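Participant: Just passing along the structure, written as structure tokens.
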Amino acid sequence: MQNYLEGLNEPQMTAVVHRDGPIMIIAGAGSGKTKVLTTRIAHLMKNGVDAFNILALTFTNKAAAEMKERVEKALGNSEARNLYIGTFHSIFARLLRADATKLGYPSNFTIYDTDDAKGIIKDIVKIMNLDDKHYKPSFVLNRISAAKNSLIGPEEYRKDSAIQSEDAKSQRHKMADIYQAYANQCMKNGAMDFDDLLFKMHQLLTTFPDVLAKYQHRFHYILIDEYQDTNAAQYSIIKMLGAVRENICVVGDDAQSIYSFRGATVQNILQFQDDYDDVKVVKLEQNYRCTQNIINVANNVISNNQKQIPKELWTDNKVGEKIMLARTMTDNDEGRFVADAIKEQQMRNHYANKDFAILYRTNAQSRSFEESLRRMNIPYKLYGGVSFYQRKEIKDFLAYLRLVVNTRDEENLKRIINVPARGIGNTTINKYVAAAAEHNTTFWELIEQGSGNAKVDSFVQMIKSFQSMLNTKNAYDLAFAVGKYSGLVQELYNDKTVEGLARYENVQELLNSIKEFTETPDEEGELHDKSLGSYLQQISLQTDVENDKDENVDVVKLMTIHSAKGLEFPCVFVVGLEETLFPSSMSLYDREGLEEERRLFYVAITRAKERLWVTYANSRYRFGSLVQNDESRFVQEIPLMYLDRTFSGVSNKPGAGPAKGVSGMLNQNFDKVPSLKKLADKLATANAATQQKPHTPSADFAADDPAELKVGMKVEHQKFGFGNITGIEGSSNNPIASIDFGAGHGVKKIMLNYAKLKIVQ
DNA sequence: GAGCGATTAATTTTT
DNA sequence: TTAATCGCTC
């Protein structure tokens, strides 16, 4: 047996050595899915299949890179570079460029990101004189995106009665017109948005049978990763490409389908067996990642979903720790709790920073964790959020480069014609836009031969001078010239504010990355094209600059659950388990939405290898004001036998000082571990200057039933000492008492459900 | 046309 | 809370 096949379990082996015909691999979380895919590719190649004949599609650049690397490793040679491994979007972009002119696009078409697309929609809504509150760009784009992902073009959109009645119901009668105008504008600009890369690919294959035939005969074997996340367009393209040989291998897990908002339909994986005859089905149910406790919890949680392919994940790993559940008063306390727990684990169990991940539902939740980590000097990295390429200064710079390569691109032209400010205002710009539309030409063509406006003319000359360098200079030299002569770099350099400095550095980083691009030999082994056009093609589908170097940096990782999919960490905190937050209030309307949220929770749980925390806060700041949330229903789906409940009944008014919650938690946790008690004491001493001295509870301290508490009573609090109840407010199931603890602590509002209070009299 | 306050609107996830 | 947009003045 070849050594690359060693260590595969039985179903894995079956999946790897299956040669021809459709195969579906249902791969549970942590079941070695990537290993199977990459070994399968290696196995095909070891058995005579040419790398050029294998197509493997993933959803993320990272997954594609990892696959490529692992195939290469398994093979022990560099043949893997000839594989077609990439994201749907990047592979299709590449194929589309080859035949773009057939569809009326230049082969160097621009790829618009979501912001670009919204900008165009905004303009259209304005031109059509519609209310942009009602036709919000994000809403409109979502709707167009959904249409494209379902292979519905503007014409079909207009004719589809179901869609029309939906739009009529929401009083958006002009949607079809906007869609049409948007599609026209993109085409006129020589640009495709993300969805076009799928939609137009489909169009190319259906409209030109010769093109379809070409690829059908090129791709003998097709492998699809994360098949549960495919949408109708992707499904249809795969079906067409694989129709001749039907050597289609799909890998996925219906329990991890979390992208329906982007048009993914679990249906694709559920019905795969009906799509082809003799589908081989392999289930990978042995998990190699998590402890038994974690797997049991995950299985229990997901069993609350109705729609799923039957399977039961199991593991040979040790039982492991129970899942820690922590409830805190506020989001800030939640942040402190997590930072404390990380410190504690590091000391007690010698974990490194990089062993921890904090996973949340929304990016906005990162703040409290960032603050508490920073305060405790724990290095961290935030993933997601505004990516490098979305920053204004970067988009401006890239807009120049894109315009130079593709002058049809009105969007980018408008973006930078007055950046830095050169006296060409909106009035002027609108005039040209209108004139271009009227004369059925492009903005650029209109001004290219002289415009009668000196400022505009000089701008045109500048862009032309850049263009003249396209064929003689590499991407870096050209970009450097753009930065210099456009005034972009100078403008940022002159801005000496902190933000200005950051922007300047970002642009320098961009230039560095372009330089790196021009100096790195092509891995593809194809052309050594270091032109600007080539560079733009390479980065247009990159959402992040992160490189694998980051992997080993020793920092705590903060990210959304969505971006954590496919990753694993020894210790995971899943935070913000509150109704309306997780599950999100947006998902509560129907069963499907709720089940997807639950799958998201399932994904989050199964990221953890050894230890898992689930936390939530009773109240948190949202839009600047404090809101109360109930415990997430998902928490109740964790069987008690796997749970270790912690109550962090900590109240901290903003600005009341950092350490009250901290010391509370430390004492509680450290009491069990004598060696760490010292440290807790040390910390308490260190904080003494800024802190009230903690109250030592009476020896017989025992919390009384909160329902018994009445206004006027004297009570004892574990930390705050003795106080008088001066008022009780809030709802009956969540009463909040105002308690005057006297000079040391003053009046505190305490949630009676969570506070431990002893009635003194 | 530019720049500055002031108002106001928005928060789910992303290739 | 912050970020973007609005509208006013120069």
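Labels for the structure tokens follow display order: chains A, B, ..., residues from 1 in each chain, ligands from 1.
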Please report, as a PyMOL selection string, each residue of stretch 152-333 of chain A to which DSSP assigns helix (DSSP H, G or I) when run on this structure's backbone.
Facilitator: chain A and resi 154-159+161-169+175-188+194-207+209-218+227-229+232-241+254-256+260-262+267-270+272-275+292-302+331-333
Participant: Near A:Thr520, counting only C-alpha atoms (C1' of nucleotides), which residues have an atom at most 12 Å away, once you skip same-chain residues fewer than 6 positions from it, shown as a ChimeraX atom specification?
Facilitator: /A:513-514,528-530,535
Participant: Kindly save the residues from that selection, with N, CA and C atoms included, as an mmCIF file, in the first residue's frame.
Facilitator:
data_model
loop_
_atom_site.group_PDB
_atom_site.id
_atom_site.type_symbol
_atom_site.label_atom_id
_atom_site.label_comp_id
_atom_site.auth_asym_id
_atom_site.auth_seq_id
_atom_site.Cartn_x
_atom_site.Cartn_y
_atom_site.Cartn_z
ATOM 1 N N SER A 513 2.870 44.796 -0.888
ATOM 2 C CA SER A 513 2.297 43.535 -1.352
ATOM 3 C C SER A 513 2.341 43.453 -2.876
ATOM 4 N N ILE A 514 2.212 44.608 -3.533
ATOM 5 C CA ILE A 514 2.330 44.600 -4.992
ATOM 6 C C ILE A 514 3.762 44.265 -5.395
ATOM 7 N N HIS A 528 4.618 34.253 -16.764
ATOM 8 C CA HIS A 528 5.256 35.068 -15.737
ATOM 9 C C HIS A 528 4.808 36.493 -15.914
ATOM 10 N N ASP A 529 3.526 36.645 -15.791
ATOM 11 C CA ASP A 529 2.911 37.935 -16.062
ATOM 12 C C ASP A 529 2.864 38.765 -14.786
ATOM 13 N N LYS A 530 3.682 39.779 -14.744
ATOM 14 C CA LYS A 530 3.713 40.623 -13.560
ATOM 15 C C LYS A 530 3.099 41.981 -13.837
ATOM 16 N N TYR A 535 -1.977 41.451 -11.640
ATOM 17 C CA TYR A 535 -2.064 41.658 -10.192
ATOM 18 C C TYR A 535 -3.507 41.859 -9.750
#
Participant: Please provide the set of residues having any atom within 12 Å of C:DT9, restricted to only C-alpha atoms (C1' of nucleotides), with same-chain residues fewer than 3 positions apart removed, written as an MDAnalysis selection string.
Facilitator: chainID B and resid 2:5
Participant: Given the selection you just returned, output its residues as a file containing N, CA and C atoms (P, O5', C5', C4', C3', O3' and C1' of nucleotides), formatted as a PDB file, in the first residue's frame.
Facilitator:
ATOM      1  P    DA B   2     -14.107  70.301  -4.579  1.00  0.00           P
ATOM      2  O5'  DA B   2     -13.973  70.936  -3.122  1.00  0.00           O
ATOM      3  C5'  DA B   2     -13.184  72.109  -2.970  1.00  0.00           C
ATOM      4  C4'  DA B   2     -13.154  72.511  -1.516  1.00  0.00           C
ATOM      5  C3'  DA B   2     -12.996  71.359  -0.535  1.00  0.00           C
ATOM      6  O3'  DA B   2     -12.071  71.738   0.472  1.00  0.00           O
ATOM      7  C1'  DA B   2     -14.978  72.545  -0.048  1.00  0.00           C
ATOM      8  P    DG B   3     -11.472  70.664   1.406  1.00  0.00           P
ATOM      9  O5'  DG B   3     -12.113  71.149   2.772  1.00  0.00           O
ATOM     10  C5'  DG B   3     -12.133  72.531   3.118  1.00  0.00           C
ATOM     11  C4'  DG B   3     -13.058  72.725   4.287  1.00  0.00           C
ATOM     12  C3'  DG B   3     -12.993  71.598   5.318  1.00  0.00           C
ATOM     13  O3'  DG B   3     -12.845  72.165   6.615  1.00  0.00           O
ATOM     14  C1'  DG B   3     -15.232  71.982   4.677  1.00  0.00           C
ATOM     15  P    DC B   4     -12.303  71.285   7.753  1.00  0.00           P
ATOM     16  O5'  DC B   4     -13.331  71.668   8.893  1.00  0.00           O
ATOM     17  C5'  DC B   4     -13.852  72.989   8.994  1.00  0.00           C
ATOM     18  C4'  DC B   4     -15.307  72.923   9.387  1.00  0.00           C
ATOM     19  C3'  DC B   4     -15.578  71.964  10.535  1.00  0.00           C
ATOM     20  O3'  DC B   4     -15.677  72.713  11.739  1.00  0.00           O
ATOM     21  C1'  DC B   4     -17.267  71.847   8.814  1.00  0.00           C
ATOM     22  P    DG B   5     -15.681  72.018  13.083  1.00  0.00           P
ATOM     23  O5'  DG B   5     -17.045  72.618  13.635  1.00  0.00           O
ATOM     24  C5'  DG B   5     -17.958  71.797  14.292  1.00  0.00           C
ATOM     25  C4'  DG B   5     -19.351  72.182  13.886  1.00  0.00           C
ATOM     26  C3'  DG B   5     -20.404  71.440  14.709  1.00  0.00           C
ATOM     27  O3'  DG B   5     -21.452  72.316  15.048  1.00  0.00           O
ATOM     28  C1'  DG B   5     -20.658  70.876  12.417  1.00  0.00           C
TER      29       DG B   5
END
Participant: Would you give me, as a tab-separated table, each residue of chain B having an atom within 7 Å of an atom of chain A, along with its shortest atom pair and that distance in Å to one decimal, using only C-alpha atoms (C1' of nucleotides) and sorting by chain and residue number?
Facilitator:
residue	atom	partner	partner_atom	distance
B:DG1	C1'	A:Gly425	CA	6.0
B:DT12	C1'	A:Thr362	CA	6.2
B:DT13	C1'	A:His562	CA	6.2
B:DT15	C1'	A:Phe59	CA	6.3
Participant: Show me, as a ChimeraX atom specification, the residues of chain A whose atoms get within 12 Å of chain C, using only C-alpha atoms (C1' of nucleotides) for the distance check.
Facilitator: /A:364-365,367,620-626
Participant: Apply DSSP to the backbone of this structure and, from stretch 306-549 of chain A, keep only the residues in strand (DSSP E); write these as an MDAnalysis selection string.
Facilitator: chainID A and resid 314:315 323:330 356:360 380:382
Participant: Could you write out that same residue set with N, CA and C atoms as a CSV table (one decimal), in the first residue's frame?
Facilitator:
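result_16.csv was written with the following content:
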chain,number,residue,atom,x,y,z
A,314,TRP,N,-19.3,10.2,16.5
A,314,TRP,CA,-18.8,9.6,17.7
A,314,TRP,C,-17.3,9.8,17.7
A,315,THR,N,-16.7,9.5,18.9
A,315,THR,CA,-15.3,9.7,19.0
A,315,THR,C,-14.6,8.7,19.9
A,323,ILE,N,-18.7,21.1,29.8
A,323,ILE,CA,-18.9,22.4,29.2
A,323,ILE,C,-19.1,23.4,30.2
A,324,MET,N,-18.4,24.5,30.2
A,324,MET,CA,-18.6,25.5,31.2
A,324,MET,C,-19.6,26.5,30.7
A,325,LEU,N,-20.6,26.8,31.5
A,325,LEU,CA,-21.6,27.8,31.2
A,325,LEU,C,-21.5,28.9,32.1
A,326,ALA,N,-21.3,30.1,31.6
A,326,ALA,CA,-21.2,31.3,32.5
A,326,ALA,C,-22.2,32.3,32.1
A,327,ARG,N,-22.8,32.9,33.1
A,327,ARG,CA,-23.8,34.0,32.9
A,327,ARG,C,-23.2,35.2,33.6
A,328,THR,N,-23.2,36.3,32.9
A,328,THR,CA,-22.7,37.5,33.5
A,328,THR,C,-23.7,38.6,33.4
A,329,MET,N,-23.5,39.6,34.2
A,329,MET,CA,-24.5,40.7,34.2
A,329,MET,C,-24.5,41.5,32.9
A,330,THR,N,-23.3,41.9,32.4
A,330,THR,CA,-23.3,42.8,31.3
A,330,THR,C,-22.3,42.2,30.2
A,356,PHE,N,-6.6,29.5,22.1
A,356,PHE,CA,-8.0,30.0,22.4
A,356,PHE,C,-8.6,30.7,21.2
A,357,ALA,N,-9.9,30.5,21.2
A,357,ALA,CA,-10.7,31.3,20.2
A,357,ALA,C,-12.0,31.8,20.9
A,358,ILE,N,-12.3,33.0,20.6
A,358,ILE,CA,-13.6,33.5,21.0
A,358,ILE,C,-14.5,33.7,19.8
A,359,LEU,N,-15.6,33.0,19.9
A,359,LEU,CA,-16.5,33.0,18.7
A,359,LEU,C,-17.8,33.7,19.0
A,360,TYR,N,-18.2,34.6,18.2
A,360,TYR,CA,-19.5,35.3,18.4
A,360,TYR,C,-20.3,35.3,17.1
A,380,TYR,N,-4.1,39.4,21.0
A,380,TYR,CA,-5.2,38.8,20.3
A,380,TYR,C,-5.2,39.3,18.8
A,381,LYS,N,-5.9,38.6,18.0
A,381,LYS,CA,-6.1,39.0,16.6
A,381,LYS,C,-7.6,38.9,16.3
A,382,LEU,N,-8.0,40.0,15.7
A,382,LEU,CA,-9.4,40.1,15.3
A,382,LEU,C,-9.5,39.6,13.8
Participant: Using only C-alpha atoms (C1' of nucleotides), determine which residues lie at most 10 Å from A:Arg503, disregarding the query and same-chain residues fewer than 6 positions distant; provide the list as a compact mmCIF listing (two decimals) with all heavy atoms, in the first residue's frame.
Facilitator:
# COMPACT_ATOMS: atom_id res chain seq x y z
N ARG A 391 -10.82 49.03 3.04
CA ARG A 391 -10.51 50.34 3.60
C ARG A 391 -10.54 51.40 2.50
O ARG A 391 -10.14 51.14 1.37
CB ARG A 391 -9.14 50.31 4.26
CG ARG A 391 -9.13 49.43 5.47
CD ARG A 391 -7.73 49.25 6.00
NE ARG A 391 -7.73 48.24 7.05
CZ ARG A 391 -8.11 48.49 8.30
NH1 ARG A 391 -8.48 49.70 8.64
NH2 ARG A 391 -8.11 47.54 9.20
N LYS A 392 -10.99 52.58 2.90
CA LYS A 392 -11.17 53.65 1.92
C LYS A 392 -9.91 53.92 1.12
O LYS A 392 -9.93 53.98 -0.10
CB LYS A 392 -11.59 54.94 2.64
CG LYS A 392 -13.09 55.16 2.70
CD LYS A 392 -13.39 56.53 3.28
CE LYS A 392 -14.35 56.45 4.45
NZ LYS A 392 -13.76 56.26 5.79
N GLU A 393 -8.81 54.11 1.85
CA GLU A 393 -7.58 54.49 1.16
C GLU A 393 -7.13 53.40 0.19
O GLU A 393 -6.61 53.69 -0.89
CB GLU A 393 -6.48 54.83 2.17
CG GLU A 393 -6.04 53.69 3.08
CD GLU A 393 -6.93 53.52 4.30
OE1 GLU A 393 -8.06 54.07 4.30
OE2 GLU A 393 -6.52 52.82 5.25
N ILE A 394 -7.36 52.15 0.56
CA ILE A 394 -6.98 51.05 -0.31
C ILE A 394 -7.90 50.99 -1.52
O ILE A 394 -7.47 50.82 -2.66
CB ILE A 394 -7.01 49.71 0.46
CG1 ILE A 394 -6.03 49.75 1.64
CG2 ILE A 394 -6.69 48.55 -0.48
CD1 ILE A 394 -4.59 50.03 1.26
N VAL A 489 -0.46 59.44 -2.23
CA VAL A 489 0.48 59.16 -1.16
C VAL A 489 0.82 60.44 -0.41
O VAL A 489 0.85 60.47 0.83
CB VAL A 489 1.76 58.50 -1.72
CG1 VAL A 489 2.83 58.43 -0.66
CG2 VAL A 489 1.43 57.10 -2.25
N LEU A 492 -1.93 61.51 2.02
CA LEU A 492 -1.97 60.73 3.25
C LEU A 492 -0.77 61.05 4.14
O LEU A 492 -0.87 61.08 5.36
CB LEU A 492 -2.00 59.24 2.93
CG LEU A 492 -3.28 58.75 2.26
CD1 LEU A 492 -3.16 57.29 1.85
CD2 LEU A 492 -4.48 58.93 3.18
N TYR A 493 0.35 61.31 3.50
CA TYR A 493 1.57 61.62 4.23
C TYR A 493 1.39 62.91 5.02
O TYR A 493 1.88 63.04 6.14
CB TYR A 493 2.74 61.74 3.26
CG TYR A 493 4.06 61.98 3.95
CD1 TYR A 493 4.72 60.94 4.59
CD2 TYR A 493 4.63 63.25 3.97
CE1 TYR A 493 5.93 61.16 5.24
CE2 TYR A 493 5.83 63.49 4.61
CZ TYR A 493 6.48 62.43 5.25
OH TYR A 493 7.67 62.65 5.89
N ASP A 495 -1.27 64.04 6.29
CA ASP A 495 -2.21 63.88 7.40
C ASP A 495 -1.48 63.26 8.59
O ASP A 495 -1.12 62.09 8.58
CB ASP A 495 -3.37 62.97 6.94
CG ASP A 495 -4.41 62.83 8.03
OD1 ASP A 495 -4.17 63.29 9.16
OD2 ASP A 495 -5.49 62.28 7.74
N THR A 497 -2.59 62.93 11.68
CA THR A 497 -3.39 62.34 12.74
C THR A 497 -3.10 60.85 12.84
O THR A 497 -2.48 60.26 11.96
CB THR A 497 -4.90 62.53 12.45
OG1 THR A 497 -5.22 61.81 11.25
CG2 THR A 497 -5.26 63.99 12.26
N GLU A 509 1.65 49.37 2.83
CA GLU A 509 1.54 47.91 2.89
C GLU A 509 1.01 47.36 1.56
O GLU A 509 1.45 46.32 1.08
CB GLU A 509 0.60 47.51 4.04
CG GLU A 509 0.70 46.05 4.40
CD GLU A 509 -0.26 45.66 5.51
OE1 GLU A 509 -0.55 46.51 6.38
OE2 GLU A 509 -0.75 44.51 5.50
Participant: Could you check how far atom CA of A:Thr646 sits from atom CA of A:Ala341, in Å to one decimal?
Facilitator: 11.5 Å
